[in-house]
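Have a look at the structure below before the remarks.
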Amino acid sequence: MNTLDMRAAESPLPVDASCRACGSADLRSFFSSPAIPVNNARVFEERADALRVPNGALELAFCRACGFIQNPRFDPALVRYDDSYEEQQSFSPTFTAFADGLVDDIIERFGLQGKRVVEIGCGKGDFLVAICERGGNAGLGLDPTIAPDRLRQRTGTQLTLRREFFGEETGLLDADAVICRHTLEHIADVRGFVRALRASLAGSPHARIFFEVPDVGRVLREGAFWDVYYEHCSYFTTDSLARLFRENGFTVDDAWLAFGDQYVMLEARINPDGAAPAGGSEADAEALAALTASYAERVSAEMGRWSNTIRAAKDAGERVAVWGSGSKCVAFLSETGTAELVDAVVDINPHRQGRFLPSTGIQVRAPESLTAAPPDLVVVMNEAYVSEITAQLASMGLKPQVEAVG
């Protein structure tokens, strides 16, 4: 795929398209790509399997009524969440420090000492374990990709893990707090999801709620095409996320940005009176609409810049490595058409090393492998990790040029 495949949307939306957050039909399509990999975060034992990952159509549509952004062409049947899905970030000291601080903050905010905590979309479970250990809490984790054998928990910690999705069929939750981090962006029917959450807490009316999702405002401002991929079918700002919760029976106590303003965080609780006025700023809505209108232009510029940077390095006889093999990497390489120009993709997550990336078929290596063939340029997939990566490169005796995509 190259930059010509990514464009401002010109084709009409599906006939039955409506906002999955508020139900409005006032959608404006502003960006599309005919074919992108459908499972960026999976890794494969065999290269042939990685190359067989199908493509799906991406279209970004902005709801003028509530500010929610979605992919109306998303087909959930194309996406798989299983043992090959590898998203764990806790191998990074930078991310671990952020997560540790968040654990302490949630425990303090919600008074979680000896309480019942449910995490929806708990991934490999490390965040939930920390909440339970530090607060003496009992935890229930729901996620189809759980890997219980990775967890190291204190003897006596009450923890139950269920390999399943959350939904209406989950039933009632017995909880003092519900946590959901980086899951809602994977859900197409976000309104149905939030309503199912409220219904599941019928027996826990005083439960506190914490959600965390990527901030689409940053993606739009930066033209961050590497942060737009098929699994992410739903995109939020602080305003649109808060509005979704208010309109579906929750009181929003706080909504803010964190992790270098990359993530939207939301604190809420059940509103006994049901739905409330959505609120939100008209100025913010207008600013978001303007960003969507110019997003394709920024994407084209960013894709051209990065394609030229990597090609110039190769033309100069330099070696290029990418640090970070997750979803951003797959999107970046696939959409710039530079996969064949990259000499190495490395990752500190040992469960990714030796496996192959979807679509590109590139095998992920350990960072230490770079010493055998030192790179001249290292492209970092998230600017938050530049200091950590630069220090690790120096510890290996390497001093390449380091540039972050965002």
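Quick note on naming: the chains in the structure tokens go A, B, ... in the order shown, residues restart at 1 in each chain, and ligands are numbered from 1 in order of appearance.
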Legend entry - Near-Ala207 of chain A list (7 Å; only C-alpha atoms; drop same-chain fewer than 6 positions) as a ChimeraX atom specification: /A:175-177,269
Legend entry - Selection near segment 122-138 of chain A, 10 Å with only C-alpha atoms, sequence-local residues under 6 positions removed, as a ChimeraX atom specification: /A:85-90,96,99-100,102-104,106-108,111-116,144-163,175-176,179-183
Legend entry - Residue nearest Ser327 of chain A - candidates A:Met381, A:Cys22, A:Val53, A:Ala41, atoms counted: only C-alpha atoms: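 Checking each candidate against Ser327 of chain A, we get A:Ala41 as the closest.
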Legend entry - Distance query Leu370 of chain A at most 10 Å, only C-alpha atoms, self and fewer than 6 positions along chain excluded, as number ranges by chain: A: 321, 343-346, 393, 396, 398
Would you save the residues from that selection as a PDB file, in the first residue's frame, using C-alpha atoms?
```
ATOM      1  CA  ALA A 321      15.356  -0.343  12.211  1.00  0.00           C
ATOM      2  CA  ASP A 343      16.317  -3.970   7.965  1.00  0.00           C
ATOM      3  CA  ALA A 344      14.893  -4.923  11.373  1.00  0.00           C
ATOM      4  CA  VAL A 345      11.838  -4.590  13.584  1.00  0.00           C
ATOM      5  CA  VAL A 346      12.578  -5.034  17.290  1.00  0.00           C
ATOM      6  CA  LEU A 393      20.648   1.627  22.555  1.00  0.00           C
ATOM      7  CA  MET A 396      24.400  -1.735  23.783  1.00  0.00           C
ATOM      8  CA  LEU A 398      24.823   1.957  19.680  1.00  0.00           C
TER       9      LEU A 398
END
```
Legend entry - 9 Å contact set for Ser92 of chain A, only C-alpha atoms, chain neighbours under 4 positions out, as a count of residues only: 6
Legend entry - alpha helix (DSSP H) per DSSP on the backbone: members of segment 131-366 of chain A, as JSON, numbers by chain: {"A": [131, 132, 133, 134, 135, 190, 191, 192, 193, 194, 195, 196, 197, 198, 199, 200, 216, 217, 218, 219, 220, 221, 222, 238, 239, 240, 241, 242, 243, 244, 245, 246, 282, 283, 284, 285, 286, 287, 288, 289, 290, 291, 292, 293, 294, 295, 296, 297, 298, 299, 300, 301, 302, 303, 304, 305, 306, 307, 308, 309, 310, 311, 312, 313, 314, 315, 327, 328, 329, 330, 331, 332, 333, 334, 335, 336]}
Kindly export the residues of the current selection with C-alpha atoms, as an mmCIF file, in the first residue's frame.
```cif
data_model
loop_
_atom_site.group_PDB
_atom_site.id
_atom_site.type_symbol
_atom_site.label_atom_id
_atom_site.label_comp_id
_atom_site.auth_asym_id
_atom_site.auth_seq_id
_atom_site.Cartn_x
_atom_site.Cartn_y
_atom_site.Cartn_z
ATOM 1 C CA ILE A 131 -5.058 -3.174 41.709
ATOM 2 C CA CYS A 132 -5.816 -6.295 43.744
ATOM 3 C CA GLU A 133 -2.398 -6.599 45.358
ATOM 4 C CA ARG A 134 -2.000 -2.970 46.417
ATOM 5 C CA GLY A 135 -5.534 -2.527 47.668
ATOM 6 C CA VAL A 190 -20.475 1.640 21.757
ATOM 7 C CA ARG A 191 -23.929 2.765 22.856
ATOM 8 C CA GLY A 192 -25.047 -0.845 23.296
ATOM 9 C CA PHE A 193 -21.870 -1.592 25.239
ATOM 10 C CA VAL A 194 -22.364 1.286 27.701
ATOM 11 C CA ARG A 195 -26.024 0.418 28.154
ATOM 12 C CA ALA A 196 -25.089 -3.221 28.815
ATOM 13 C CA LEU A 197 -22.587 -2.003 31.411
ATOM 14 C CA ARG A 198 -25.224 0.015 33.230
ATOM 15 C CA ALA A 199 -27.652 -2.929 33.163
ATOM 16 C CA SER A 200 -24.960 -5.258 34.507
ATOM 17 C CA VAL A 216 -8.643 11.007 18.499
ATOM 18 C CA GLY A 217 -8.032 14.752 18.773
ATOM 19 C CA ARG A 218 -4.283 14.134 18.826
ATOM 20 C CA VAL A 219 -4.566 11.668 15.927
ATOM 21 C CA LEU A 220 -6.375 14.250 13.818
ATOM 22 C CA ARG A 221 -4.049 17.130 14.705
ATOM 23 C CA GLU A 222 -0.886 15.144 13.954
ATOM 24 C CA THR A 238 -12.951 13.728 26.123
ATOM 25 C CA ASP A 239 -16.202 15.435 25.087
ATOM 26 C CA SER A 240 -17.594 12.609 22.955
ATOM 27 C CA LEU A 241 -16.709 9.937 25.522
ATOM 28 C CA ALA A 242 -18.304 11.912 28.359
ATOM 29 C CA ARG A 243 -21.384 12.537 26.233
ATOM 30 C CA LEU A 244 -21.765 8.815 25.491
ATOM 31 C CA PHE A 245 -21.810 8.012 29.194
ATOM 32 C CA ARG A 246 -24.111 10.867 30.200
ATOM 33 C CA GLU A 282 -19.949 23.954 20.714
ATOM 34 C CA ALA A 283 -16.509 25.460 20.123
ATOM 35 C CA ASP A 284 -14.876 22.077 20.720
ATOM 36 C CA ALA A 285 -17.300 20.454 18.275
ATOM 37 C CA GLU A 286 -16.494 23.033 15.604
ATOM 38 C CA ALA A 287 -12.768 22.600 16.156
ATOM 39 C CA LEU A 288 -13.084 18.818 15.819
ATOM 40 C CA ALA A 289 -15.108 19.186 12.625
ATOM 41 C CA ALA A 290 -12.373 21.418 11.190
ATOM 42 C CA LEU A 291 -9.727 18.839 12.081
ATOM 43 C CA THR A 292 -11.628 16.084 10.299
ATOM 44 C CA ALA A 293 -11.942 18.250 7.185
ATOM 45 C CA SER A 294 -8.158 18.671 6.922
ATOM 46 C CA TYR A 295 -7.105 15.248 8.231
ATOM 47 C CA ALA A 296 -6.498 13.624 4.826
ATOM 48 C CA GLU A 297 -4.144 16.444 3.864
ATOM 49 C CA ARG A 298 -2.097 15.979 7.045
ATOM 50 C CA VAL A 299 -1.992 12.210 6.562
ATOM 51 C CA SER A 300 -0.697 12.626 3.022
ATOM 52 C CA ALA A 301 2.032 14.950 4.261
ATOM 53 C CA GLU A 302 3.056 12.623 7.112
ATOM 54 C CA MET A 303 3.089 9.534 4.925
ATOM 55 C CA GLY A 304 5.152 11.318 2.300
ATOM 56 C CA ARG A 305 7.587 12.630 4.910
ATOM 57 C CA TRP A 306 8.202 9.221 6.452
ATOM 58 C CA SER A 307 8.400 7.412 3.152
ATOM 59 C CA ASN A 308 10.980 9.932 1.948
ATOM 60 C CA THR A 309 12.960 9.705 5.204
ATOM 61 C CA ILE A 310 13.298 5.929 5.036
ATOM 62 C CA ARG A 311 13.981 5.844 1.304
ATOM 63 C CA ALA A 312 16.627 8.561 1.643
ATOM 64 C CA ALA A 313 18.354 6.554 4.376
ATOM 65 C CA LYS A 314 18.389 3.437 2.196
ATOM 66 C CA ASP A 315 19.637 5.403 -0.825
ATOM 67 C CA SER A 327 -0.330 -2.105 15.904
ATOM 68 C CA LYS A 328 1.306 1.232 15.149
ATOM 69 C CA CYS A 329 4.211 -0.520 13.417
ATOM 70 C CA VAL A 330 1.985 -2.649 11.193
ATOM 71 C CA ALA A 331 -0.052 0.412 10.187
ATOM 72 C CA PHE A 332 3.074 2.502 9.613
ATOM 73 C CA LEU A 333 4.867 -0.016 7.412
ATOM 74 C CA SER A 334 1.789 -1.111 5.507
ATOM 75 C CA GLU A 335 0.599 2.387 4.740
ATOM 76 C CA THR A 336 3.954 3.937 3.822
#
```
Legend entry - Atomic separation - atom CA of Thr338 of chain A relative to atom CA of Arg73 of chain A, Å: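 If I compute the distance from atom CA of Arg73 of chain A to atom CA of Thr338 of chain A, I get 26.2 Å.
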